[in-house]
>>> print(open('target36.txt').read())   # compact mmCIF, C-alpha atoms and all ligand atoms
# COMPACT_ATOMS: atom_id res chain seq x y z
CA MET A 1 2.93 -60.18 102.87
CA THR A 2 1.76 -63.71 102.05
CA ASP A 3 3.75 -66.12 99.86
CA THR A 4 1.42 -65.57 96.93
CA GLU A 5 1.23 -61.81 97.21
CA PRO A 6 3.52 -59.91 94.83
CA LEU A 7 6.20 -57.60 96.20
CA LEU A 8 4.84 -54.80 94.03
CA ARG A 9 1.42 -54.37 92.53
CA ALA A 10 0.42 -51.42 90.37
CA GLU A 11 -3.28 -51.30 89.53
CA GLY A 12 -4.86 -48.98 87.01
CA LEU A 13 -1.79 -46.76 87.22
CA THR A 14 -2.30 -43.64 85.14
CA LYS A 15 -0.32 -40.44 84.66
CA ARG A 16 -1.64 -37.50 82.70
CA PHE A 17 0.28 -34.36 81.85
CA GLY A 18 -2.59 -32.00 81.04
CA GLU A 19 -4.54 -33.63 78.21
CA PHE A 20 -1.74 -36.08 77.43
CA THR A 21 -1.79 -39.56 79.00
CA ALA A 22 1.79 -40.82 79.43
CA VAL A 23 0.90 -43.95 81.46
CA ASP A 24 -2.53 -45.37 80.80
CA ASP A 25 -4.29 -47.73 83.20
CA VAL A 26 -1.30 -50.00 83.74
CA ASP A 27 -1.56 -53.19 85.82
CA PHE A 28 1.89 -54.56 86.70
CA THR A 29 3.19 -56.94 89.36
CA VAL A 30 6.65 -57.97 90.50
CA GLN A 31 7.24 -61.05 92.63
CA PRO A 32 9.99 -61.12 95.28
CA ASN A 33 13.38 -61.87 93.66
CA GLU A 34 11.95 -61.71 90.15
CA THR A 35 13.71 -59.83 87.35
CA LYS A 36 11.43 -58.13 84.85
CA ALA A 37 12.33 -56.05 81.81
CA LEU A 38 10.30 -53.09 80.64
CA ILE A 39 10.69 -52.25 76.97
CA GLY A 40 8.95 -49.99 74.49
CA PRO A 41 9.65 -47.40 71.80
CA ASN A 42 10.86 -43.90 72.67
CA GLY A 43 8.17 -41.99 74.51
CA ALA A 44 6.26 -45.16 75.46
CA GLY A 45 6.08 -44.09 79.11
CA LYS A 46 8.77 -46.32 80.65
CA THR A 47 10.58 -43.59 82.58
CA THR A 48 7.30 -42.01 83.65
CA PHE A 49 6.18 -45.41 84.94
CA GLN A 50 9.39 -45.81 86.97
CA ASN A 51 8.93 -42.29 88.30
CA LEU A 52 5.47 -43.30 89.51
CA LEU A 53 6.94 -46.33 91.31
CA THR A 54 9.60 -44.26 93.09
CA GLY A 55 7.16 -41.46 93.88
CA LYS A 56 9.09 -38.86 91.91
CA LEU A 57 5.79 -38.36 90.08
CA SER A 58 2.41 -38.76 91.71
CA ALA A 59 -0.22 -40.90 89.99
CA THR A 60 -3.26 -39.26 88.44
CA GLU A 61 -5.20 -42.48 89.04
CA GLY A 62 -4.54 -45.98 90.30
CA THR A 63 -2.73 -47.54 93.23
CA ILE A 64 0.71 -48.92 94.07
CA THR A 65 1.02 -51.59 96.72
CA PHE A 66 4.48 -52.53 98.01
CA ASP A 67 5.16 -55.23 100.59
CA GLY A 68 1.42 -55.47 101.15
CA GLU A 69 0.97 -51.77 101.92
CA ASP A 70 -0.53 -48.98 99.85
CA VAL A 71 2.33 -46.60 99.01
CA THR A 72 0.49 -44.57 96.36
CA HIS A 73 0.71 -41.40 98.46
CA VAL A 74 3.96 -42.20 100.27
CA SER A 75 6.87 -39.76 99.65
CA PRO A 76 9.86 -40.76 97.47
CA HIS A 77 12.15 -40.69 100.52
CA GLU A 78 9.87 -43.00 102.48
CA ARG A 79 9.53 -45.35 99.50
CA ALA A 80 13.34 -45.55 99.31
CA GLN A 81 13.44 -46.28 103.04
CA ARG A 82 10.97 -49.11 102.44
CA GLY A 83 13.22 -50.55 99.72
CA ILE A 84 12.21 -49.11 96.33
CA ILE A 85 15.60 -47.96 95.03
CA ARG A 86 16.41 -46.64 91.60
CA LYS A 87 19.57 -46.35 89.58
CA TYR A 88 19.25 -43.67 86.96
CA GLN A 89 20.16 -43.83 83.28
CA ILE A 90 22.42 -40.82 83.68
CA THR A 91 25.18 -41.36 86.20
CA SER A 92 24.87 -39.49 89.44
CA VAL A 93 28.14 -40.33 91.15
CA TYR A 94 30.43 -37.70 92.70
CA GLU A 95 33.17 -37.51 90.09
CA ASP A 96 35.74 -35.79 92.35
CA GLU A 97 35.37 -38.34 95.15
CA THR A 98 36.90 -41.81 95.30
CA VAL A 99 35.00 -45.02 94.62
CA LEU A 100 35.05 -45.80 98.35
CA GLU A 101 33.71 -42.38 99.33
CA ASN A 102 30.86 -42.73 96.84
CA MET A 103 29.98 -46.08 98.37
CA ARG A 104 30.00 -44.56 101.85
CA LEU A 105 27.69 -41.81 100.64
CA ALA A 106 25.29 -44.42 99.27
CA PHE A 107 25.16 -46.11 102.66
CA ARG A 108 24.57 -42.80 104.41
CA SER A 109 21.64 -42.00 102.12
CA ARG A 110 19.72 -44.97 103.53
CA ALA A 111 20.49 -44.01 107.18
CA SER A 112 17.28 -43.13 108.97
CA SER A 113 18.82 -41.28 111.93
CA PRO A 114 21.91 -39.18 112.80
CA TRP A 115 23.06 -42.08 114.97
CA GLU A 116 22.89 -44.52 112.10
CA LEU A 117 24.64 -41.94 109.92
CA LEU A 118 27.53 -41.76 112.36
CA ARG A 119 27.70 -45.55 112.40
CA THR A 120 28.34 -45.64 108.64
CA HIS A 121 31.72 -44.01 109.29
CA ASP A 122 33.31 -46.75 111.32
CA ASP A 123 31.05 -49.79 111.42
CA SER A 124 33.13 -52.76 110.32
CA ASP A 125 30.03 -54.57 109.00
CA ILE A 126 29.44 -51.69 106.63
CA ARG A 127 33.09 -51.65 105.57
CA ASP A 128 32.88 -55.38 104.87
CA ARG A 129 29.68 -54.93 102.94
CA ILE A 130 31.20 -52.15 100.83
CA GLU A 131 34.20 -54.39 100.07
CA GLU A 132 31.90 -57.23 99.09
CA LEU A 133 29.86 -55.02 96.75
CA LEU A 134 32.97 -53.51 95.16
CA SER A 135 34.28 -57.03 94.57
CA ILE A 136 31.17 -58.17 92.72
CA ALA A 137 31.44 -55.03 90.57
CA ASN A 138 35.13 -55.77 89.89
CA LEU A 139 35.98 -52.42 91.46
CA HIS A 140 37.78 -53.65 94.55
CA ASP A 141 41.16 -52.54 93.25
CA GLU A 142 39.75 -49.13 92.33
CA GLN A 143 38.61 -48.18 95.84
CA HIS A 144 40.91 -45.18 96.05
CA THR A 145 40.51 -44.16 92.43
CA THR A 146 38.76 -40.87 91.73
CA VAL A 147 35.46 -41.70 90.04
CA GLY A 148 36.02 -39.15 87.28
CA THR A 149 38.83 -41.31 85.90
CA LEU A 150 36.75 -44.51 85.65
CA SER A 151 35.36 -45.74 82.32
CA HIS A 152 31.67 -45.17 81.64
CA GLY A 153 30.98 -48.86 82.29
CA GLU A 154 32.82 -48.81 85.60
CA LYS A 155 30.75 -45.79 86.67
CA GLN A 156 27.57 -47.67 85.78
CA TRP A 157 28.68 -50.67 87.86
CA LEU A 158 29.57 -48.42 90.76
CA GLU A 159 26.13 -46.87 90.60
CA ILE A 160 24.48 -50.27 90.46
CA VAL A 161 26.29 -51.49 93.59
CA MET A 162 25.67 -48.13 95.28
CA ALA A 163 21.97 -48.77 94.71
CA VAL A 164 22.36 -52.33 96.05
CA GLY A 165 24.11 -50.86 99.11
CA ALA A 166 20.91 -48.99 99.87
CA GLU A 167 19.33 -52.43 100.53
CA PRO A 168 16.61 -52.49 97.89
CA GLU A 169 13.81 -55.00 97.91
CA LEU A 170 12.96 -53.65 94.48
CA LEU A 171 15.82 -52.31 92.36
CA LEU A 172 14.88 -50.18 89.36
CA LEU A 173 17.54 -49.95 86.67
CA ASP A 174 17.09 -47.40 83.89
CA GLU A 175 19.13 -48.47 80.84
CA PRO A 176 22.18 -49.91 82.59
CA THR A 177 23.91 -50.54 79.24
CA SER A 178 23.36 -47.02 77.93
CA GLY A 179 26.52 -45.69 76.24
CA ILE A 180 28.79 -48.62 77.17
CA SER A 181 30.84 -50.97 74.98
CA VAL A 182 29.88 -54.55 74.02
CA GLY A 183 32.52 -55.98 76.38
CA GLU A 184 31.27 -53.80 79.21
CA THR A 185 27.69 -54.90 78.46
CA ASP A 186 28.74 -58.54 79.00
CA ASP A 187 30.31 -57.53 82.31
CA THR A 188 27.07 -55.77 83.24
CA VAL A 189 25.19 -59.02 82.58
CA ASP A 190 27.64 -60.82 84.90
CA LEU A 191 27.16 -58.16 87.58
CA ILE A 192 23.38 -58.44 87.45
CA GLU A 193 23.66 -62.23 87.59
CA GLU A 194 25.85 -61.89 90.70
CA ILE A 195 23.32 -59.55 92.30
CA ARG A 196 20.46 -61.89 91.45
CA SER A 197 22.23 -64.90 92.94
CA LYS A 198 23.58 -63.21 96.07
CA GLU A 199 21.05 -60.54 96.97
CA ASN A 200 17.45 -60.91 97.99
CA VAL A 201 16.15 -58.42 95.48
CA ALA A 202 13.61 -58.02 92.70
CA ILE A 203 14.76 -56.04 89.66
CA VAL A 204 12.84 -54.06 87.04
CA VAL A 205 15.13 -53.07 84.22
CA ILE A 206 14.33 -50.63 81.41
CA GLU A 207 16.42 -51.59 78.40
CA HIS A 208 16.54 -51.36 74.63
CA ASP A 209 19.20 -54.04 74.14
CA MET A 210 17.29 -57.31 73.57
CA ASP A 211 20.44 -59.49 73.79
CA PHE A 212 21.05 -58.03 77.21
CA ILE A 213 17.43 -58.61 78.25
CA ARG A 214 17.55 -62.22 77.07
CA LYS A 215 20.48 -62.83 79.41
CA VAL A 216 19.14 -61.15 82.55
CA SER A 217 15.37 -61.33 82.55
CA GLU A 218 12.81 -64.13 82.48
CA SER A 219 9.87 -61.84 81.87
CA ILE A 220 9.21 -58.81 79.67
CA THR A 221 6.50 -56.18 79.63
CA VAL A 222 6.06 -54.00 76.55
CA LEU A 223 4.71 -50.49 76.84
CA ASP A 224 3.50 -48.44 73.89
CA ARG A 225 1.86 -45.04 74.19
CA GLY A 226 1.46 -45.56 77.90
CA GLU A 227 -0.33 -48.91 77.63
CA ILE A 228 0.87 -52.46 78.16
CA ILE A 229 0.57 -54.13 74.78
CA ALA A 230 2.26 -57.44 75.63
CA SER A 231 3.92 -59.33 78.44
CA GLY A 232 5.57 -62.73 78.58
CA THR A 233 8.87 -64.50 78.00
CA ILE A 234 11.35 -63.08 75.52
CA ASP A 235 10.37 -65.70 72.91
CA GLU A 236 6.69 -64.87 73.31
CA ILE A 237 7.45 -61.17 73.00
CA GLU A 238 9.68 -61.55 69.95
CA ASN A 239 6.97 -63.57 68.20
CA ASP A 240 4.15 -61.21 69.18
CA GLU A 241 2.67 -59.63 66.06
CA THR A 242 1.70 -56.35 67.73
CA VAL A 243 5.20 -55.94 69.16
CA GLN A 244 6.78 -56.76 65.82
CA ARG A 245 4.56 -54.21 64.08
CA ILE A 246 5.49 -51.48 66.55
CA TYR A 247 9.23 -52.13 66.42
CA LEU A 248 9.33 -52.74 62.67
CA GLY A 249 7.18 -49.66 62.19
CA GLU A 250 9.63 -47.67 64.27
CA ALA A 251 12.58 -49.02 62.26
CA ALA A 252 10.84 -48.21 59.01
CA ASP A 253 10.23 -44.64 60.18
CA ALA A 254 13.82 -44.17 61.26
N1 LIG B 301 6.81 -33.73 82.72
C1 LIG B 301 6.23 -34.00 81.56
N2 LIG B 301 5.33 -33.17 81.01
C2 LIG B 301 4.73 -33.44 79.83
N3 LIG B 301 4.95 -34.58 79.13
C3 LIG B 301 5.83 -35.45 79.62
C4 LIG B 301 6.53 -35.22 80.85
N4 LIG B 301 7.34 -36.28 81.10
C5 LIG B 301 7.17 -37.12 80.06
N5 LIG B 301 6.27 -36.62 79.17
C6 LIG B 301 5.82 -37.27 77.94
O1 LIG B 301 5.34 -38.55 78.27
C7 LIG B 301 5.68 -39.49 77.23
C8 LIG B 301 6.42 -40.65 77.88
O2 LIG B 301 7.73 -40.22 78.23
P1 LIG B 301 8.78 -41.20 78.94
O3 LIG B 301 10.03 -40.40 79.13
O4 LIG B 301 8.15 -41.82 80.11
O5 LIG B 301 8.97 -42.28 77.80
P2 LIG B 301 10.09 -43.41 77.70
O6 LIG B 301 9.39 -44.65 77.29
O7 LIG B 301 10.89 -43.46 78.95
O8 LIG B 301 10.97 -42.88 76.49
P3 LIG B 301 12.56 -43.02 76.19
O9 LIG B 301 12.81 -44.45 75.82
O10 LIG B 301 12.74 -42.08 75.04
O11 LIG B 301 13.29 -42.59 77.44
C9 LIG B 301 6.49 -38.72 76.21
O12 LIG B 301 5.63 -38.35 75.15
C10 LIG B 301 6.97 -37.50 76.97
O13 LIG B 301 7.14 -36.40 76.10
>>> encode(input="target36.txt", output="structure tokens")
Amino acid sequence: MTDTEPLLRAEGLTKRFGEFTAVDDVDFTVQPNETKALIGPNGAGKTTFQNLLTGKLSATEGTITFDGEDVTHVSPHERAQRGIIRKYQITSVYEDETVLENMRLAFRSRASSPWELLRTHDDSDIRDRIEELLSIANLHDEQHTTVGTLSHGEKQWLEIVMAVGAEPELLLLDEPTSGISVGETDDTVDLIEEIRSKENVAIVVIEHDMDFIRKVSESITVLDRGEIIASGTIDEIENDETVQRIYLGEAADA
């Protein structure tokens, strides 16, 4: 990958479900270490687009290039191995296990061989790394707490650092503030800031909360009915007439 080449490039990315086009000819790039937000009304195609990036869904048309290589037909597992890691909107932690055990599981999921898997049990580097990640999520003191007893926000933070533990080059976050309190949202901003400053990672975040986006992302892409209708800084997006019409229209319909 050259200095000018983006980390991720989607070109003409399209997903059809039968006659219905959920993602329509989308061009989208992410630079290394950049944070981008993806917004749009319900049903705009945001989750489908992320599913195309992770490989959970295969593209009907178009290409995805990651780290200079065409990954359009690469399996989801292989894409994760290459560094495209996603944290889902709905938590997927093991509620009956401790925080520490969940972190260990996250590290194991990235292991590419039985030998590496074994190493995750007793490697002191990995233990140190887990401690470091739990500290930035303010969960260090909760290591031996059963995840089921954590607050919703704490579970979200655990999931975010579990995803970071899988060594993403591109971290996809699907509504990290979903269902959490205002105070917890501020802590989520702090966590993402920590990750941005300490980790070598690009982030694409799907979010509805514009205050949150303003704090974490320099660049926004707006999807509507599967198409990109605007992209730019938050000020550009908020002043964009088409975007205003779509969001005001949605509010008026509600
Ligand atoms: N497997 C599927 N089969 C048929 N249609 C689908 C499928 N998955 C998604 N869709 C449709 O594609 C459109 C885009 O859905 P998607 O979930 O990507 O939107 P979204 O922007 O993430 O919405 P939300 O903000 O509500 O999560 C919707 O109309 C949805 O009904």
>>> closest_residue(input="target36.txt", among="A:Val222, A:Ile64, A:Ala230, A:Ala166", to="ligand LIG 301 (chain B)", atoms="only C-alpha atoms and all ligand atoms")
A:Val222
>>> residues_near_ligand(input="target36.txt", ligand="ligand LIG 301 (chain B)", cutoff="6 Å", atoms="all atoms listed in the file", output="NGL selection string")
:A and (17 or 22 or 41-48)
>>> closest_residue(input="target36.txt", among="A:Leu158, A:Leu170, A:Ile220, A:Ala80", to="A:Thr145", atoms="only C-alpha atoms")
A:Leu158
>>> residues_around(input="target36.txt", residues="A:Phe212", least_positions_apart="2", cutoff="8 Å", atoms="all atoms listed in the file", output="list in words")
Thr185, Asp186, Val189, Asp209, Met210, Arg214, Lys215 and Val216 of chain A
>>> atom_distance(input="target36.txt", atom1="atom CA of A:Ser58", atom2="atom CA of A:Val204")
19.1 Å
>>> residues_around(input="target36.txt", residues="A:Leu8", least_positions_apart="4", cutoff="7 Å", atoms="all atoms listed in the file", output="list in words")
Thr29, Val30, Gln31, Thr65, Phe66 and Asp67 of chain A
>>> atom_distance(input="target36.txt", atom1="atom CA of A:Pro32", atom2="atom CA of A:Ala202")
5.4 Å
>>> atom_distance(input="target36.txt", atom1="atom CA of A:Glu207", atom2="atom CA of A:Ser75")
26.1 Å
>>> closest_residue(input="target36.txt", among="A:Ser135, A:Thr72, A:Thr221, A:Asn239", to="A:Leu38", atoms="only C-alpha atoms")
A:Thr221
>>> residues_around(input="target36.txt", residues="A:Lys198", least_positions_apart="6", cutoff="12 Å", atoms="only C-alpha atoms", output="MDAnalysis selection string")
chainID A and resid 33 132:133 136 164 191:192
>>> closest_residue(input="target36.txt", among="A:Leu52, A:Val182, A:Met162, A:Ile229", to="A:Glu11", atoms="all atoms listed in the file")
A:Leu52
>>> decode(input="target36.txt", residues="stretch 120-249 of chain A", atoms="C-alpha atoms", output="compact mmCIF listing (two decimals), in the first residue's frame")
# COMPACT_ATOMS: atom_id res chain seq x y z
CA THR A 120 -3.27 -16.92 24.35
CA HIS A 121 -3.63 -18.85 27.62
CA ASP A 122 -0.34 -17.93 29.20
CA ASP A 123 1.47 -15.37 27.08
CA SER A 124 2.36 -12.47 29.35
CA ASP A 125 2.28 -10.02 26.42
CA ILE A 126 -1.34 -10.92 25.84
CA ARG A 127 -2.14 -10.60 29.54
CA ASP A 128 -0.53 -7.15 29.54
CA ARG A 129 -2.42 -6.17 26.44
CA ILE A 130 -5.73 -7.30 27.96
CA GLU A 131 -4.97 -5.25 31.10
CA GLU A 132 -4.15 -2.22 28.98
CA LEU A 133 -7.38 -2.51 26.99
CA LEU A 134 -9.49 -3.02 30.12
CA SER A 135 -7.87 0.09 31.61
CA ILE A 136 -8.78 2.31 28.67
CA ALA A 137 -12.35 1.00 28.92
CA ASN A 138 -12.39 1.74 32.68
CA LEU A 139 -13.06 -1.95 33.29
CA HIS A 140 -9.80 -2.88 34.96
CA ASP A 141 -11.42 -3.27 38.35
CA GLU A 142 -14.19 -5.39 36.85
CA GLN A 143 -11.94 -8.12 35.47
CA HIS A 144 -13.47 -10.83 37.61
CA THR A 145 -17.01 -9.53 37.38
CA THR A 146 -19.55 -11.66 35.53
CA VAL A 147 -20.49 -9.76 32.38
CA GLY A 148 -24.21 -10.27 32.98
CA THR A 149 -24.01 -7.91 35.97
CA LEU A 150 -22.38 -5.02 34.05
CA SER A 151 -24.39 -1.99 32.91
CA HIS A 152 -25.36 -1.80 29.25
CA GLY A 153 -22.69 0.86 28.68
CA GLU A 154 -19.99 -1.24 30.33
CA LYS A 155 -20.93 -4.16 28.07
CA GLN A 156 -20.63 -1.90 25.02
CA TRP A 157 -17.17 -0.76 26.14
CA LEU A 158 -16.11 -4.33 26.76
CA GLU A 159 -17.23 -5.25 23.27
CA ILE A 160 -15.38 -2.30 21.78
CA VAL A 161 -12.09 -3.26 23.46
CA MET A 162 -12.70 -6.93 22.59
CA ALA A 163 -12.87 -5.82 18.96
CA VAL A 164 -9.69 -3.74 19.43
CA GLY A 165 -8.03 -6.84 20.93
CA ALA A 166 -8.58 -8.57 17.61
CA GLU A 167 -6.07 -6.06 16.15
CA PRO A 168 -8.23 -4.29 13.60
CA GLU A 169 -6.81 -2.07 10.92
CA LEU A 170 -10.40 -1.10 10.21
CA LEU A 171 -12.84 -1.15 13.13
CA LEU A 172 -16.54 -1.06 12.27
CA LEU A 173 -18.79 0.14 15.07
CA ASP A 174 -22.54 -0.27 14.68
CA GLU A 175 -24.36 2.22 16.94
CA PRO A 176 -22.02 2.16 19.94
CA THR A 177 -24.33 4.50 21.89
CA SER A 178 -27.47 2.45 21.27
CA GLY A 179 -29.54 2.14 24.45
CA ILE A 180 -27.03 3.81 26.79
CA SER A 181 -27.38 6.84 29.07
CA VAL A 182 -26.08 10.36 28.33
CA GLY A 183 -23.27 9.96 30.89
CA GLU A 184 -22.28 6.63 29.38
CA THR A 185 -22.32 8.21 25.90
CA ASP A 186 -19.73 10.77 27.07
CA ASP A 187 -17.61 7.91 28.40
CA THR A 188 -17.96 6.17 25.04
CA VAL A 189 -16.63 9.33 23.35
CA ASP A 190 -13.64 9.25 25.73
CA LEU A 191 -13.04 5.57 24.98
CA ILE A 192 -13.07 6.14 21.23
CA GLU A 193 -10.72 9.11 21.66
CA GLU A 194 -8.36 6.87 23.64
CA ILE A 195 -8.48 4.22 20.93
CA ARG A 196 -7.86 6.81 18.23
CA SER A 197 -4.86 8.25 20.04
CA LYS A 198 -3.28 4.96 21.13
CA GLU A 199 -4.17 2.45 18.43
CA ASN A 200 -3.20 2.42 14.80
CA VAL A 201 -6.73 1.96 13.54
CA ALA A 202 -9.27 3.43 11.16
CA ILE A 203 -12.86 3.52 12.39
CA VAL A 204 -16.19 3.58 10.54
CA VAL A 205 -19.01 4.26 12.95
CA ILE A 206 -22.73 3.98 12.22
CA GLU A 207 -24.56 6.37 14.52
CA HIS A 208 -27.75 8.37 14.85
CA ASP A 209 -26.51 10.64 17.65
CA MET A 210 -25.11 13.75 15.92
CA ASP A 211 -23.58 15.16 19.14
CA PHE A 212 -21.65 11.94 19.49
CA ILE A 213 -20.55 12.06 15.84
CA ARG A 214 -19.38 15.66 16.19
CA LYS A 215 -17.07 14.59 19.00
CA VAL A 216 -15.54 11.49 17.41
CA SER A 217 -15.51 11.90 13.65
CA GLU A 218 -13.99 14.39 11.23
CA SER A 219 -15.89 13.10 8.23
CA ILE A 220 -19.46 11.97 7.57
CA THR A 221 -21.09 10.06 4.75
CA VAL A 222 -24.87 10.13 4.40
CA LEU A 223 -26.72 7.21 2.88
CA ASP A 224 -30.34 7.35 1.76
CA ARG A 225 -32.13 4.54 -0.05
CA GLY A 226 -28.82 2.82 -0.64
CA GLU A 227 -27.13 5.82 -2.26
CA ILE A 228 -24.59 8.30 -0.93
CA ILE A 229 -26.35 11.65 -0.96
CA ALA A 230 -23.69 13.71 0.81
CA SER A 231 -20.27 13.49 2.39
CA GLY A 232 -18.13 16.04 4.18
CA THR A 233 -17.49 17.58 7.58
CA ILE A 234 -20.28 17.70 10.14
CA ASP A 235 -20.88 21.41 9.43
CA GLU A 236 -21.12 20.76 5.70
CA ILE A 237 -23.53 17.90 6.31
CA GLU A 238 -25.72 19.82 8.73
CA ASN A 239 -26.02 22.67 6.22
CA ASP A 240 -26.67 20.39 3.25
CA GLU A 241 -30.16 21.03 1.89
CA THR A 242 -30.75 17.47 0.68
CA VAL A 243 -29.74 16.06 4.06
CA GLN A 244 -31.94 18.56 5.88
CA ARG A 245 -34.89 17.66 3.65
CA ILE A 246 -34.47 13.95 4.31
CA TYR A 247 -34.11 14.29 8.08
CA LEU A 248 -36.79 16.97 8.42
CA GLY A 249 -39.03 14.90 6.17
